[in-house]
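Engineer: Input entry_27.cif, format and content: mmCIF, C-alpha atoms and all ligand atoms.
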data_protein
#
loop_
_atom_site.label_atom_id
_atom_site.label_comp_id
_atom_site.auth_asym_id
_atom_site.auth_seq_id
_atom_site.Cartn_x
_atom_site.Cartn_y
_atom_site.Cartn_z
CA MET A 369 31.57 8.05 19.22
CA SER A 370 31.58 4.27 19.65
CA ILE A 371 28.91 3.34 17.12
CA LEU A 372 29.62 3.23 13.44
CA VAL A 373 27.70 5.68 11.24
CA ARG A 374 27.83 4.66 7.60
CA GLU A 375 27.13 7.00 4.66
CA ASN A 376 24.94 6.56 1.57
CA VAL A 377 23.55 3.19 2.53
CA PRO A 378 20.97 1.71 0.09
CA LEU A 379 17.61 1.31 1.82
CA ALA A 380 15.71 -0.62 -0.87
CA PRO A 381 17.09 -4.02 0.26
CA LEU A 382 15.82 -3.27 3.79
CA ILE A 383 12.30 -2.31 2.68
CA SER A 384 9.73 -5.00 1.88
CA PHE A 385 8.63 -3.13 -1.29
CA LYS A 386 12.30 -3.16 -2.48
CA VAL A 387 12.16 0.48 -3.67
CA GLY A 388 13.50 3.90 -2.67
CA GLY A 389 16.81 5.72 -2.44
CA PRO A 390 19.68 5.57 0.07
CA ALA A 391 20.10 6.88 3.61
CA ARG A 392 22.56 9.77 3.84
CA TYR A 393 23.63 8.38 7.24
CA PHE A 394 22.86 4.99 8.73
CA ALA A 395 23.45 3.46 12.17
CA GLU A 396 22.58 0.11 13.75
CA PRO A 397 22.70 0.57 17.54
CA ALA A 398 22.77 -2.60 19.61
CA THR A 399 22.08 -1.16 23.10
CA ALA A 400 19.87 1.55 24.61
CA ALA A 401 23.02 3.63 25.25
CA GLU A 402 23.99 3.36 21.58
CA PHE A 403 20.52 4.53 20.52
CA SER A 404 20.95 7.64 22.67
CA GLU A 405 24.42 8.14 21.25
CA ALA A 406 23.12 7.95 17.66
CA MET A 407 20.32 10.43 18.41
CA ALA A 408 22.72 12.85 20.13
CA TRP A 409 25.12 12.62 17.16
CA ALA A 410 22.30 13.52 14.75
CA LYS A 411 21.19 16.39 16.96
CA ARG A 412 24.73 17.82 17.06
CA LYS A 413 24.85 17.69 13.25
CA GLY A 414 21.34 19.20 12.94
CA LEU A 415 20.06 16.08 11.16
CA GLU A 416 16.59 14.58 11.15
CA THR A 417 16.41 10.99 12.34
CA PHE A 418 14.20 8.16 11.19
CA ILE A 419 13.70 4.88 13.06
CA LEU A 420 13.57 1.95 10.68
CA GLY A 421 12.35 -1.47 11.78
CA LYS A 422 11.90 -4.18 9.14
CA GLY A 423 10.58 -1.62 6.65
CA THR A 424 7.37 -3.59 6.05
CA ASN A 425 4.99 -0.66 6.36
CA LEU A 426 6.74 2.15 4.56
CA VAL A 427 8.23 3.58 1.38
CA PHE A 428 11.18 5.98 1.23
CA SER A 429 11.17 8.32 -1.78
CA ASP A 430 13.51 7.58 -4.68
CA ALA A 431 15.72 10.46 -3.50
CA GLY A 432 16.28 8.58 -0.22
CA TYR A 433 16.52 9.98 3.28
CA PRO A 434 18.75 13.04 3.88
CA GLY A 435 19.24 12.51 7.64
CA LEU A 436 20.21 9.60 9.91
CA VAL A 437 18.35 6.31 9.60
CA VAL A 438 18.53 4.38 12.86
CA TYR A 439 17.97 0.71 12.04
CA THR A 440 16.54 -1.66 14.64
CA GLY A 441 15.84 -4.51 12.25
CA LYS A 442 19.07 -6.44 12.88
CA SER A 443 20.23 -6.02 16.47
CA PHE A 444 18.48 -5.27 19.74
CA HIS A 445 16.12 -8.23 19.63
CA GLY A 446 16.07 -9.68 23.15
CA ILE A 447 12.89 -11.37 24.39
CA GLN A 448 12.43 -12.11 28.11
CA TRP A 449 9.62 -14.17 29.64
CA GLN A 450 8.38 -14.09 33.22
CA GLY A 451 5.25 -16.20 33.59
CA ASN A 452 2.64 -14.76 31.24
CA ARG A 453 4.53 -11.48 30.87
CA VAL A 454 6.94 -10.90 27.99
CA ARG A 455 9.34 -8.00 27.48
CA ALA A 456 10.57 -7.65 23.91
CA GLN A 457 13.20 -5.25 22.62
CA ALA A 458 12.29 -3.10 19.62
CA GLY A 459 14.21 -5.16 17.06
CA ALA A 460 12.60 -8.48 18.07
CA LEU A 461 10.34 -9.80 15.33
CA LEU A 462 6.66 -9.72 16.22
CA HIS A 463 6.26 -13.14 14.60
CA THR A 464 8.99 -14.56 16.86
CA VAL A 465 7.22 -13.24 19.97
CA VAL A 466 3.94 -14.73 18.67
CA THR A 467 5.57 -18.11 18.01
CA GLN A 468 7.13 -18.20 21.48
CA ALA A 469 3.80 -17.19 23.07
CA VAL A 470 1.94 -19.91 21.20
CA GLY A 471 4.62 -22.46 22.17
CA LYS A 472 3.98 -21.54 25.82
CA GLY A 473 0.20 -21.71 25.38
CA MET A 474 -0.21 -17.96 25.89
CA ALA A 475 -3.20 -16.35 24.20
CA GLY A 476 -3.74 -12.80 22.98
CA ILE A 477 -1.49 -12.40 19.96
CA GLN A 478 -1.81 -15.70 18.07
CA HIS A 479 -3.68 -13.99 15.19
CA LEU A 480 -0.76 -11.59 14.69
CA ALA A 481 1.29 -14.51 13.34
CA GLY A 482 2.84 -13.76 9.99
CA ILE A 483 3.02 -9.96 10.40
CA PRO A 484 6.58 -9.44 9.18
CA GLY A 485 7.69 -6.40 11.23
CA THR A 486 9.48 -5.71 14.51
CA MET A 487 8.00 -5.15 17.96
CA GLY A 488 9.04 -1.47 17.69
CA GLY A 489 7.19 -1.00 14.40
CA GLY A 490 4.23 -3.05 15.62
CA THR A 491 3.93 -0.97 18.78
CA TYR A 492 4.30 2.30 16.87
CA ILE A 493 1.52 1.40 14.45
CA ASN A 494 -0.51 -0.81 16.79
CA ALA A 495 -0.34 -3.78 14.44
CA GLY A 496 -3.43 -5.90 14.26
CA ALA A 497 -5.09 -8.71 12.35
CA PHE A 498 -8.11 -11.01 12.47
CA GLY A 499 -9.68 -9.26 15.47
CA GLN A 500 -6.53 -8.86 17.61
CA GLU A 501 -4.42 -5.74 18.06
CA LEU A 502 -1.10 -5.46 19.85
CA LYS A 503 -2.61 -2.75 22.08
CA ASP A 504 -4.93 -5.32 23.69
CA THR A 505 -1.96 -6.96 25.44
CA ILE A 506 0.50 -4.06 25.88
CA VAL A 507 1.18 -3.17 29.52
CA SER A 508 3.92 -0.59 29.02
CA VAL A 509 6.42 0.81 26.53
CA VAL A 510 9.95 2.06 27.22
CA SER A 511 11.29 4.69 24.84
CA THR A 512 14.08 7.25 24.62
CA THR A 513 14.01 10.87 23.48
CA ARG A 514 16.58 12.53 21.25
CA ASP A 515 18.25 13.78 24.43
CA GLY A 516 18.62 10.26 25.75
CA LYS A 517 15.88 10.64 28.37
CA LEU A 518 14.18 7.32 29.07
CA ALA A 519 10.42 7.18 29.47
CA GLU A 520 8.22 4.28 30.55
CA ARG A 521 4.54 4.73 29.76
CA GLY A 522 1.51 2.61 30.53
CA ASN A 523 -0.87 1.46 27.80
CA ARG A 524 -3.27 4.42 28.15
CA GLU A 525 -0.58 7.07 27.82
CA CYS A 526 0.48 5.57 24.48
CA GLY A 527 -2.91 6.53 22.96
CA PHE A 528 -3.32 3.38 20.91
CA ALA A 529 -6.08 3.35 18.30
CA TYR A 530 -6.65 1.60 14.96
CA ARG A 531 -3.20 1.59 13.28
CA HIS A 532 -2.17 4.54 15.44
CA SER A 533 -0.37 5.49 18.65
CA ASN A 534 0.84 8.72 20.24
CA PHE A 535 4.35 7.76 19.05
CA PHE A 536 3.31 9.19 15.63
CA GLY A 537 3.64 12.64 17.23
CA TRP A 538 6.60 11.95 19.51
CA ASP A 539 10.20 12.11 18.33
CA GLU A 540 11.17 9.01 20.32
CA ILE A 541 12.60 5.56 19.80
CA ILE A 542 10.63 2.68 21.23
CA LEU A 543 13.14 0.45 23.02
CA GLU A 544 11.05 -2.19 24.70
CA THR A 545 7.41 -3.31 24.85
CA THR A 546 5.90 -5.38 27.66
CA LEU A 547 2.87 -7.57 26.99
CA ASP A 548 0.65 -9.48 29.38
CA LEU A 549 -0.82 -12.61 27.81
CA ILE A 550 -3.46 -15.05 28.95
CA PRO A 551 -2.48 -18.62 29.84
CA GLY A 552 -4.39 -21.05 27.62
CA ASP A 553 -4.15 -24.32 25.78
CA ALA A 554 -0.99 -24.64 23.66
CA ASN A 555 -2.58 -27.07 21.19
CA ALA A 556 -5.58 -24.81 20.59
CA MET A 557 -3.25 -21.84 20.22
CA ARG A 558 -1.08 -23.68 17.69
CA ALA A 559 -4.18 -24.57 15.65
CA GLU A 560 -5.32 -20.92 15.65
CA MET A 561 -1.89 -19.73 14.55
CA ARG A 562 -1.73 -22.32 11.75
CA GLU A 563 -5.17 -21.20 10.55
CA THR A 564 -4.07 -17.54 10.57
CA LEU A 565 -0.97 -18.35 8.51
CA ARG A 566 -3.07 -20.44 6.10
CA LYS A 567 -5.48 -17.51 5.56
CA ARG A 568 -2.57 -15.14 4.90
CA LYS A 569 -1.08 -17.49 2.32
CA GLU A 570 -4.44 -18.01 0.65
CA LYS A 571 -5.48 -14.35 0.48
CA GLN A 572 -2.27 -12.32 0.24
CA PRO A 573 0.17 -11.95 -2.68
CA LEU A 574 3.16 -13.00 -0.59
CA HIS A 575 5.23 -13.92 -3.69
CA LEU A 576 5.68 -10.26 -4.74
CA PRO A 577 7.24 -7.35 -2.77
CA ASN A 578 4.55 -5.37 -0.91
CA ALA A 579 3.90 -3.64 2.41
CA GLY A 580 0.67 -5.30 3.50
CA SER A 581 -2.55 -3.28 3.31
CA MET A 582 -2.02 -0.04 1.42
CA PHE A 583 -5.12 1.64 2.89
CA LYS A 584 -6.79 1.70 6.28
CA ARG A 585 -10.21 0.16 6.70
CA PRO A 586 -12.81 2.93 6.27
CA PRO A 587 -15.48 2.73 9.03
CA GLY A 588 -17.95 -0.06 8.20
CA GLN A 589 -16.26 -0.88 4.88
CA TYR A 590 -13.28 -2.74 3.45
CA ALA A 591 -10.74 -0.86 1.34
CA GLY A 592 -10.11 -3.98 -0.78
CA VAL A 593 -13.79 -4.31 -1.70
CA LEU A 594 -14.03 -0.62 -2.68
CA ILE A 595 -10.90 -0.89 -4.83
CA GLU A 596 -12.18 -4.04 -6.51
CA GLN A 597 -15.59 -2.42 -7.12
CA ALA A 598 -13.78 0.50 -8.79
CA GLY A 599 -12.44 -2.07 -11.26
CA LEU A 600 -8.84 -1.63 -10.18
CA LYS A 601 -7.65 -5.23 -9.59
CA GLY A 602 -4.58 -5.69 -11.78
CA PHE A 603 -4.40 -1.93 -12.51
CA ARG A 604 -0.81 -0.87 -13.05
CA MET A 605 1.26 2.31 -13.05
CA GLY A 606 4.89 1.77 -13.96
CA GLY A 607 6.06 -1.25 -11.97
CA ALA A 608 3.42 -0.83 -9.24
CA MET A 609 0.28 -2.93 -9.51
CA ILE A 610 -2.92 -3.57 -7.57
CA SER A 611 -2.73 -7.24 -6.70
CA GLU A 612 -5.11 -9.56 -8.57
CA LYS A 613 -5.28 -11.66 -5.39
CA HIS A 614 -6.10 -8.93 -2.85
CA ALA A 615 -7.09 -5.44 -4.03
CA ASN A 616 -5.83 -3.69 -0.89
CA PHE A 617 -2.32 -4.98 -1.60
CA THR A 618 -0.18 -2.96 -3.97
CA VAL A 619 2.73 -5.04 -5.26
CA ASN A 620 6.03 -4.28 -6.91
CA ALA A 621 5.37 -6.27 -10.08
CA GLY A 622 8.94 -5.64 -11.27
CA GLY A 623 11.07 -2.51 -11.48
CA ALA A 624 8.68 -0.27 -9.53
CA THR A 625 9.96 3.04 -8.20
CA ALA A 626 8.78 4.60 -4.96
CA GLN A 627 7.11 7.27 -7.11
CA ASP A 628 5.18 4.57 -9.05
CA ILE A 629 3.77 3.24 -5.78
CA HIS A 630 2.86 6.74 -4.61
CA ASP A 631 1.23 7.61 -7.95
CA LEU A 632 -0.77 4.39 -7.95
CA SER A 633 -2.03 4.96 -4.41
CA SER A 634 -3.05 8.54 -5.35
CA GLU A 635 -4.90 7.29 -8.42
CA VAL A 636 -6.67 4.62 -6.35
CA ILE A 637 -7.80 7.29 -3.85
CA ARG A 638 -9.11 9.40 -6.76
CA ARG A 639 -10.99 6.56 -8.49
CA VAL A 640 -12.47 5.07 -5.31
CA ARG A 641 -13.71 8.52 -4.30
CA GLU A 642 -15.32 8.85 -7.74
CA SER A 643 -16.93 5.41 -7.69
CA SER A 644 -18.03 5.18 -4.05
CA GLY A 645 -17.67 8.60 -2.43
CA THR A 646 -15.30 7.12 0.19
CA VAL A 647 -11.93 8.80 0.70
CA LEU A 648 -9.32 6.13 1.44
CA GLU A 649 -6.49 6.91 3.86
CA ARG A 650 -3.06 5.37 3.36
CA GLU A 651 -1.85 2.90 5.98
CA VAL A 652 1.58 2.57 4.39
CA ILE A 653 3.83 5.45 5.47
CA PHE A 654 5.53 7.48 2.69
CA ILE A 655 8.75 9.24 3.73
CA GLY A 656 10.31 12.09 1.78
CA GLU A 657 9.34 14.08 -1.30
CA PHE A 658 6.93 12.68 -3.87
CA LEU A 659 5.59 14.39 -6.99
CA PRO A 660 1.84 14.99 -6.82
CA TRP A 661 -0.55 12.93 -8.96
CA PRO A 662 -2.17 13.66 -11.41
CA ARG A 663 0.63 15.65 -13.04
C1 LIG B 1 2.91 -9.30 3.75
C2 LIG B 1 2.58 -8.27 4.81
C3 LIG B 1 1.50 -8.46 5.65
C4 LIG B 1 1.21 -7.51 6.65
N1 LIG B 1 0.14 -7.74 7.45
C5 LIG B 1 -0.15 -6.85 8.43
C6 LIG B 1 -1.25 -7.07 9.32
O1 LIG B 1 -1.95 -8.07 9.23
N2 LIG B 1 -1.49 -6.14 10.27
C7 LIG B 1 -0.73 -5.03 10.42
O2 LIG B 1 -0.99 -4.23 11.33
N3 LIG B 1 0.31 -4.79 9.59
C8 LIG B 1 0.62 -5.66 8.61
N4 LIG B 1 1.68 -5.42 7.77
C9 LIG B 1 2.43 -4.16 7.89
C10 LIG B 1 3.66 -4.24 8.82
O3 LIG B 1 4.24 -5.53 8.80
C11 LIG B 1 3.32 -3.89 10.27
O4 LIG B 1 2.71 -2.62 10.36
C12 LIG B 1 4.56 -3.90 11.15
O5 LIG B 1 4.16 -3.77 12.49
C13 LIG B 1 5.60 -2.81 10.81
O6 LIG B 1 6.79 -3.10 11.52
P1 LIG B 1 8.22 -2.72 10.91
O7 LIG B 1 9.25 -3.13 11.89
O8 LIG B 1 8.36 -3.28 9.54
O9 LIG B 1 8.10 -1.14 10.87
P2 LIG B 1 8.70 -0.16 9.74
O10 LIG B 1 7.95 -0.36 8.47
O11 LIG B 1 10.16 -0.26 9.70
O12 LIG B 1 8.26 1.24 10.36
C14 LIG B 1 6.90 1.61 10.44
C15 LIG B 1 6.80 2.87 11.30
O13 LIG B 1 7.17 2.53 12.65
C16 LIG B 1 8.21 3.39 13.09
N5 LIG B 1 9.08 2.61 13.97
C17 LIG B 1 9.62 1.38 13.72
N6 LIG B 1 10.36 0.98 14.77
C18 LIG B 1 10.30 1.97 15.70
C19 LIG B 1 10.87 2.16 16.99
N7 LIG B 1 11.65 1.23 17.57
N8 LIG B 1 10.62 3.33 17.64
C20 LIG B 1 9.83 4.27 17.08
N9 LIG B 1 9.27 4.15 15.87
C21 LIG B 1 9.49 3.01 15.19
C22 LIG B 1 8.94 3.83 11.84
O14 LIG B 1 9.65 5.05 12.05
C23 LIG B 1 7.78 3.98 10.86
O15 LIG B 1 7.16 5.23 11.01
C24 LIG B 1 2.00 -6.35 6.78
C25 LIG B 1 3.10 -6.16 5.93
C26 LIG B 1 3.39 -7.11 4.95
C27 LIG B 1 4.58 -6.90 4.05
#
With the file now loaded, output its structure as structure tokens.
Structural biologist:
Amino acid sequence: MSILVRENVPLAPLISFKVGGPARYFAEPATAAEFSEAMAWAKRKGLETFILGKGTNLVFSDAGYPGLVVYTGKSFHGIQWQGNRVRAQAGALLHTVVTQAVGKGMAGIQHLAGIPGTMGGGTYINAGAFGQELKDTIVSVVSTTRDGKLAERGNRECGFAYRHSNFFGWDEIILETTLDLIPGDANAMRAEMRETLRKRKEKQPLHLPNAGSMFKRPPGQYAGVLIEQAGLKGFRMGGAMISEKHANFTVNAGGATAQDIHDLSSEVIRRVRESSGTVLEREVIFIGEFLPWPR
């Protein structure tokens, strides 16, 4: 095999929350062929695989991941423009694509500025902010199966919805996403992007490790408001804390474990259900075994 598979690689430095255990096996493919090779290697060894982008929307358990983590967050980040159409490889940063689009005066994703993940992660989860979602501009997505079979699907087949796509149920690696943007005024676009970044800085606790919104928006409500109304701003379990600045952000206030973050999110679900009757659903993805709460 031509790609290097490393063993027992710490994942916490690669995860925005800075928590969690190591990957039993870890590979960083740089080409589509190498992705297929990594998947085939894991299949031969009977291992589960997990595709890791920038790790800004997930938490691995403290025990780590027992299979192969395939990391796209470092290589595989080509971005190609053709008029108003852009093709971005899975490891390209969403923010980089947004910045390039804005520089070219292309509208459609300027409010996604500042989302810290990759195009692969953003496509998987249908990243969105301030009234825009990636799905609104996606034309097609190229992915590969464990057997190395390439698939190219149009927007509809991907089943995009609020923080969801059909990729949640498919054991595939997203390799490339194509977006169609709308030609507009570069100066206006730049102003909109600056405003988006200003709002993020003003409202979000960007100085502490976190993974963005912990909970999805319940229909017609805001998770942050419900959490604040339950009196949970500043509430802490171990090193995990509900941000004082934005109640839907859980932060690693120092020394948090993955279990602390999981416990805190379970307790928030319990208390918000008690105080408002609404059952919050996690947006952050938890991977591996976690002890139940309350214990
Ligand atoms: C400060 C902050 C602000 C944020 N603001 C927003 C926001 O406004 N809107 C928003 O939507 N999100 C937001 N997020 C969450 C996160 O940045 C996005 O969801 C982002 O799109 C995740 O990308 P990632 O590369 O980090 O994915 P990861 O966290 O690495 O992975 C997330 C999921 O995608 C899967 N995945 C990743 N790459 C691939 C691939 N190539 N093929 C198949 N599956 C893949 C993973 O297996 C995992 O299940 C924020 C996070 C932070 C820390």
Engineer: Could you tell me, as a compact mmCIF listing (two decimals) with C-alpha atoms, in the coordinates of the input, which residues have any atom at most 10 Å from (22.6, 6.2, 26.4), counting all atoms listed in the file?
Structural biologist:
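Saved result, part-v4.txt, follows:
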# COMPACT_ATOMS: atom_id res chain seq x y z
CA THR A 399 22.08 -1.16 23.10
CA ALA A 400 19.87 1.55 24.61
CA ALA A 401 23.02 3.63 25.25
CA GLU A 402 23.99 3.36 21.58
CA PHE A 403 20.52 4.53 20.52
CA SER A 404 20.95 7.64 22.67
CA GLU A 405 24.42 8.14 21.25
CA ALA A 406 23.12 7.95 17.66
CA MET A 407 20.32 10.43 18.41
CA ALA A 408 22.72 12.85 20.13
CA THR A 512 14.08 7.25 24.62
CA ASP A 515 18.25 13.78 24.43
CA GLY A 516 18.62 10.26 25.75
CA LYS A 517 15.88 10.64 28.37
CA LEU A 518 14.18 7.32 29.07
Engineer: Counting only C-alpha atoms and all ligand atoms, what are the residues, protein, DNA or RNA alike, that approach ligand LIG 1 (chain B) to within 8 Å? I want them as a ChimeraX atom specification.
Structural biologist: /A:383-385,418-426,440-441,458-459,461-462,480,482-498,501,511,531,535-536,539-544,568,572-574,577-581,652-653
Engineer: To one decimal in Å, tell me the separation between CA of Thr513 in chain A and CA of Lys584 in chain A.
Structural biologist: 28.5 Å
Engineer: Can you pull out the residues contacting range 592-597 of chain A? Cut-off 12 Å, using all atoms listed in the file, and skip same-chain residues under 3 positions away; I want them as a PyMOL selection string.
Structural biologist: chain A and resi 571-572+580-586+588-589+600-603+610-618+632-633+635-648
Engineer: Starting from the point (22.2, -1.9, 13.5), work out which residues of protein, DNA or RNA have an atom no more than 6 Å away when counting all atoms listed in the file; state them as a list in words.
Structural biologist: Ala395, Glu396, Pro397, Tyr439, Thr440, Lys442 and Ser443 of chain A
Engineer: As an exercise, work out the distance from CA of Gln500 in chain A to CA of Ala598 in chain A in Å and give it to one decimal place.
Structural biologist: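 These atoms are spaced 28.9 Å apart.
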Engineer: Would you mind reading off the distance between CA of Arg562 in chain A and CA of His479 in chain A, one decimal, in Å?
Structural biologist: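 Computing the Euclidean distance for CA of Arg562 in chain A and CA of His479 in chain A yields 9.2 Å.
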Engineer: Show which residues sit within 7 Å of Gly446 in chain A, as a PyMOL selection string. Count all atoms listed in the file, and ignore same-chain residues fewer than 2 positions away.
Structural biologist: chain A and resi 444+448+456-457+460
Engineer: Restricting the output to C-alpha atoms, write the selected residues as a short mmCIF file (atom, residue, chain, number, x, y, z; two decimals), in the coordinates of the input.
Structural biologist:
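Output contents, as saved in selection-v6.cif:
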data_model
loop_
_atom_site.label_atom_id
_atom_site.label_comp_id
_atom_site.auth_asym_id
_atom_site.auth_seq_id
_atom_site.Cartn_x
_atom_site.Cartn_y
_atom_site.Cartn_z
CA PHE A 444 18.48 -5.27 19.74
CA GLN A 448 12.43 -12.11 28.11
CA ALA A 456 10.57 -7.65 23.91
CA GLN A 457 13.20 -5.25 22.62
CA ALA A 460 12.60 -8.48 18.07
#
Engineer: Could you tell me which of A:Val437, A:Ala626, A:Ala410, A:Leu659 comes closest to Gly388 in chain A if we count all atoms listed in the file?
Structural biologist: A:Ala626
Engineer: Of the candidates A:Met605, A:Leu502, A:Met561, A:Ala475, which shows the shortest atom-to-atom distance to Thr545 in chain A, using only C-alpha atoms?
Structural biologist: A:Leu502
Engineer: Which one of A:Val619, A:Met474, A:Glu570, A:Val454 sits closest to Ser508 in chain A if you count all atoms listed in the file?
Structural biologist: A:Val454
Engineer: Excluding Phe428 in chain A and residues on its chain fewer than 3 positions from it, collect all residues at most 8 Å away from it, counting all atoms listed in the file, and give them as a list in words.
Structural biologist: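 Counting only the stated atoms, we get Leu379, Val387, Gly388, Gly389, Ala431, Gly432, Tyr433, Ala626, Phe654, Ile655 and Gly656 of chain A.
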Engineer: Would you save the residues of that selection, restricted to C-alpha atoms, as a JSON list (two decimals), in the coordinates of the input?
Structural biologist:
[["chain", "number", "residue", "atom", "x", "y", "z"],
["A", 379, "LEU", "CA", 17.61, 1.31, 1.82],
["A", 387, "VAL", "CA", 12.16, 0.48, -3.67],
["A", 388, "GLY", "CA", 13.50, 3.90, -2.67],
["A", 389, "GLY", "CA", 16.81, 5.72, -2.44],
["A", 431, "ALA", "CA", 15.72, 10.46, -3.50],
["A", 432, "GLY", "CA", 16.28, 8.58, -0.22],
["A", 433, "TYR", "CA", 16.52, 9.98, 3.28],
["A", 626, "ALA", "CA", 8.78, 4.60, -4.96],
["A", 654, "PHE", "CA", 5.53, 7.48, 2.69],
["A", 655, "ILE", "CA", 8.75, 9.24, 3.73],
["A", 656, "GLY", "CA", 10.31, 12.09, 1.78]]
Engineer: Provide range 537-556 of chain A rebuilt to N, CA and C atoms, formatted as a PDB file, in the frame of the given file.
Structural biologist:
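Below is the file out.pdb, written as the result:
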ATOM      1  N   GLY A 537       3.358  11.218  17.001  1.00  0.00           N
ATOM      2  CA  GLY A 537       3.640  12.640  17.230  1.00  0.00           C
ATOM      3  C   GLY A 537       4.854  12.879  18.109  1.00  0.00           C
ATOM      4  N   TRP A 538       5.461  11.797  18.617  1.00  0.00           N
ATOM      5  CA  TRP A 538       6.600  11.950  19.510  1.00  0.00           C
ATOM      6  C   TRP A 538       7.885  11.576  18.783  1.00  0.00           C
ATOM      7  N   ASP A 539       8.921  12.377  18.993  1.00  0.00           N
ATOM      8  CA  ASP A 539      10.200  12.110  18.330  1.00  0.00           C
ATOM      9  C   ASP A 539      11.019  11.163  19.231  1.00  0.00           C
ATOM     10  N   GLU A 540      10.545   9.939  19.371  1.00  0.00           N
ATOM     11  CA  GLU A 540      11.170   9.010  20.320  1.00  0.00           C
ATOM     12  C   GLU A 540      11.435   7.660  19.662  1.00  0.00           C
ATOM     13  N   ILE A 541      12.358   6.931  20.258  1.00  0.00           N
ATOM     14  CA  ILE A 541      12.600   5.560  19.800  1.00  0.00           C
ATOM     15  C   ILE A 541      11.998   4.605  20.823  1.00  0.00           C
ATOM     16  N   ILE A 542      11.159   3.727  20.356  1.00  0.00           N
ATOM     17  CA  ILE A 542      10.630   2.680  21.230  1.00  0.00           C
ATOM     18  C   ILE A 542      11.758   1.671  21.440  1.00  0.00           C
ATOM     19  N   LEU A 543      12.056   1.393  22.721  1.00  0.00           N
ATOM     20  CA  LEU A 543      13.140   0.450  23.020  1.00  0.00           C
ATOM     21  C   LEU A 543      12.610  -0.921  23.414  1.00  0.00           C
ATOM     22  N   GLU A 544      11.523  -0.913  24.162  1.00  0.00           N
ATOM     23  CA  GLU A 544      11.050  -2.190  24.700  1.00  0.00           C
ATOM     24  C   GLU A 544       9.539  -2.133  24.934  1.00  0.00           C
ATOM     25  N   THR A 545       8.862  -3.226  24.627  1.00  0.00           N
ATOM     26  CA  THR A 545       7.410  -3.310  24.850  1.00  0.00           C
ATOM     27  C   THR A 545       7.129  -4.499  25.751  1.00  0.00           C
ATOM     28  N   THR A 546       6.283  -4.283  26.756  1.00  0.00           N
ATOM     29  CA  THR A 546       5.900  -5.380  27.660  1.00  0.00           C
ATOM     30  C   THR A 546       4.446  -5.749  27.417  1.00  0.00           C
ATOM     31  N   LEU A 547       4.220  -7.057  27.239  1.00  0.00           N
ATOM     32  CA  LEU A 547       2.870  -7.570  26.990  1.00  0.00           C
ATOM     33  C   LEU A 547       2.465  -8.505  28.128  1.00  0.00           C
ATOM     34  N   ASP A 548       1.197  -8.474  28.477  1.00  0.00           N
ATOM     35  CA  ASP A 548       0.650  -9.480  29.380  1.00  0.00           C
ATOM     36  C   ASP A 548      -0.275 -10.376  28.565  1.00  0.00           C
ATOM     37  N   LEU A 549      -0.008 -11.679  28.583  1.00  0.00           N
ATOM     38  CA  LEU A 549      -0.820 -12.610  27.810  1.00  0.00           C
ATOM     39  C   LEU A 549      -1.646 -13.486  28.750  1.00  0.00           C
ATOM     40  N   ILE A 550      -2.523 -14.264  28.129  1.00  0.00           N
ATOM     41  CA  ILE A 550      -3.460 -15.050  28.950  1.00  0.00           C
ATOM     42  C   ILE A 550      -3.120 -16.540  28.815  1.00  0.00           C
ATOM     43  N   PRO A 551      -2.805 -17.194  29.930  1.00  0.00           N
ATOM     44  CA  PRO A 551      -2.480 -18.620  29.840  1.00  0.00           C
ATOM     45  C   PRO A 551      -3.645 -19.399  29.249  1.00  0.00           C
ATOM     46  N   GLY A 552      -3.330 -20.268  28.282  1.00  0.00           N
ATOM     47  CA  GLY A 552      -4.390 -21.050  27.620  1.00  0.00           C
ATOM     48  C   GLY A 552      -3.858 -22.406  27.229  1.00  0.00           C
ATOM     49  N   ASP A 553      -4.482 -22.973  26.211  1.00  0.00           N
ATOM     50  CA  ASP A 553      -4.150 -24.320  25.780  1.00  0.00           C
ATOM     51  C   ASP A 553      -3.216 -24.242  24.559  1.00  0.00           C
ATOM     52  N   ALA A 554      -1.999 -24.762  24.719  1.00  0.00           N
ATOM     53  CA  ALA A 554      -0.990 -24.640  23.660  1.00  0.00           C
ATOM     54  C   ALA A 554      -1.452 -25.273  22.348  1.00  0.00           C
ATOM     55  N   ASN A 555      -2.144 -26.408  22.427  1.00  0.00           N
ATOM     56  CA  ASN A 555      -2.580 -27.070  21.190  1.00  0.00           C
ATOM     57  C   ASN A 555      -3.604 -26.222  20.443  1.00  0.00           C
ATOM     58  N   ALA A 556      -4.546 -25.661  21.210  1.00  0.00           N
ATOM     59  CA  ALA A 556      -5.580 -24.810  20.590  1.00  0.00           C
ATOM     60  C   ALA A 556      -4.924 -23.584  19.964  1.00  0.00           C
TER      61      ALA A 556
END
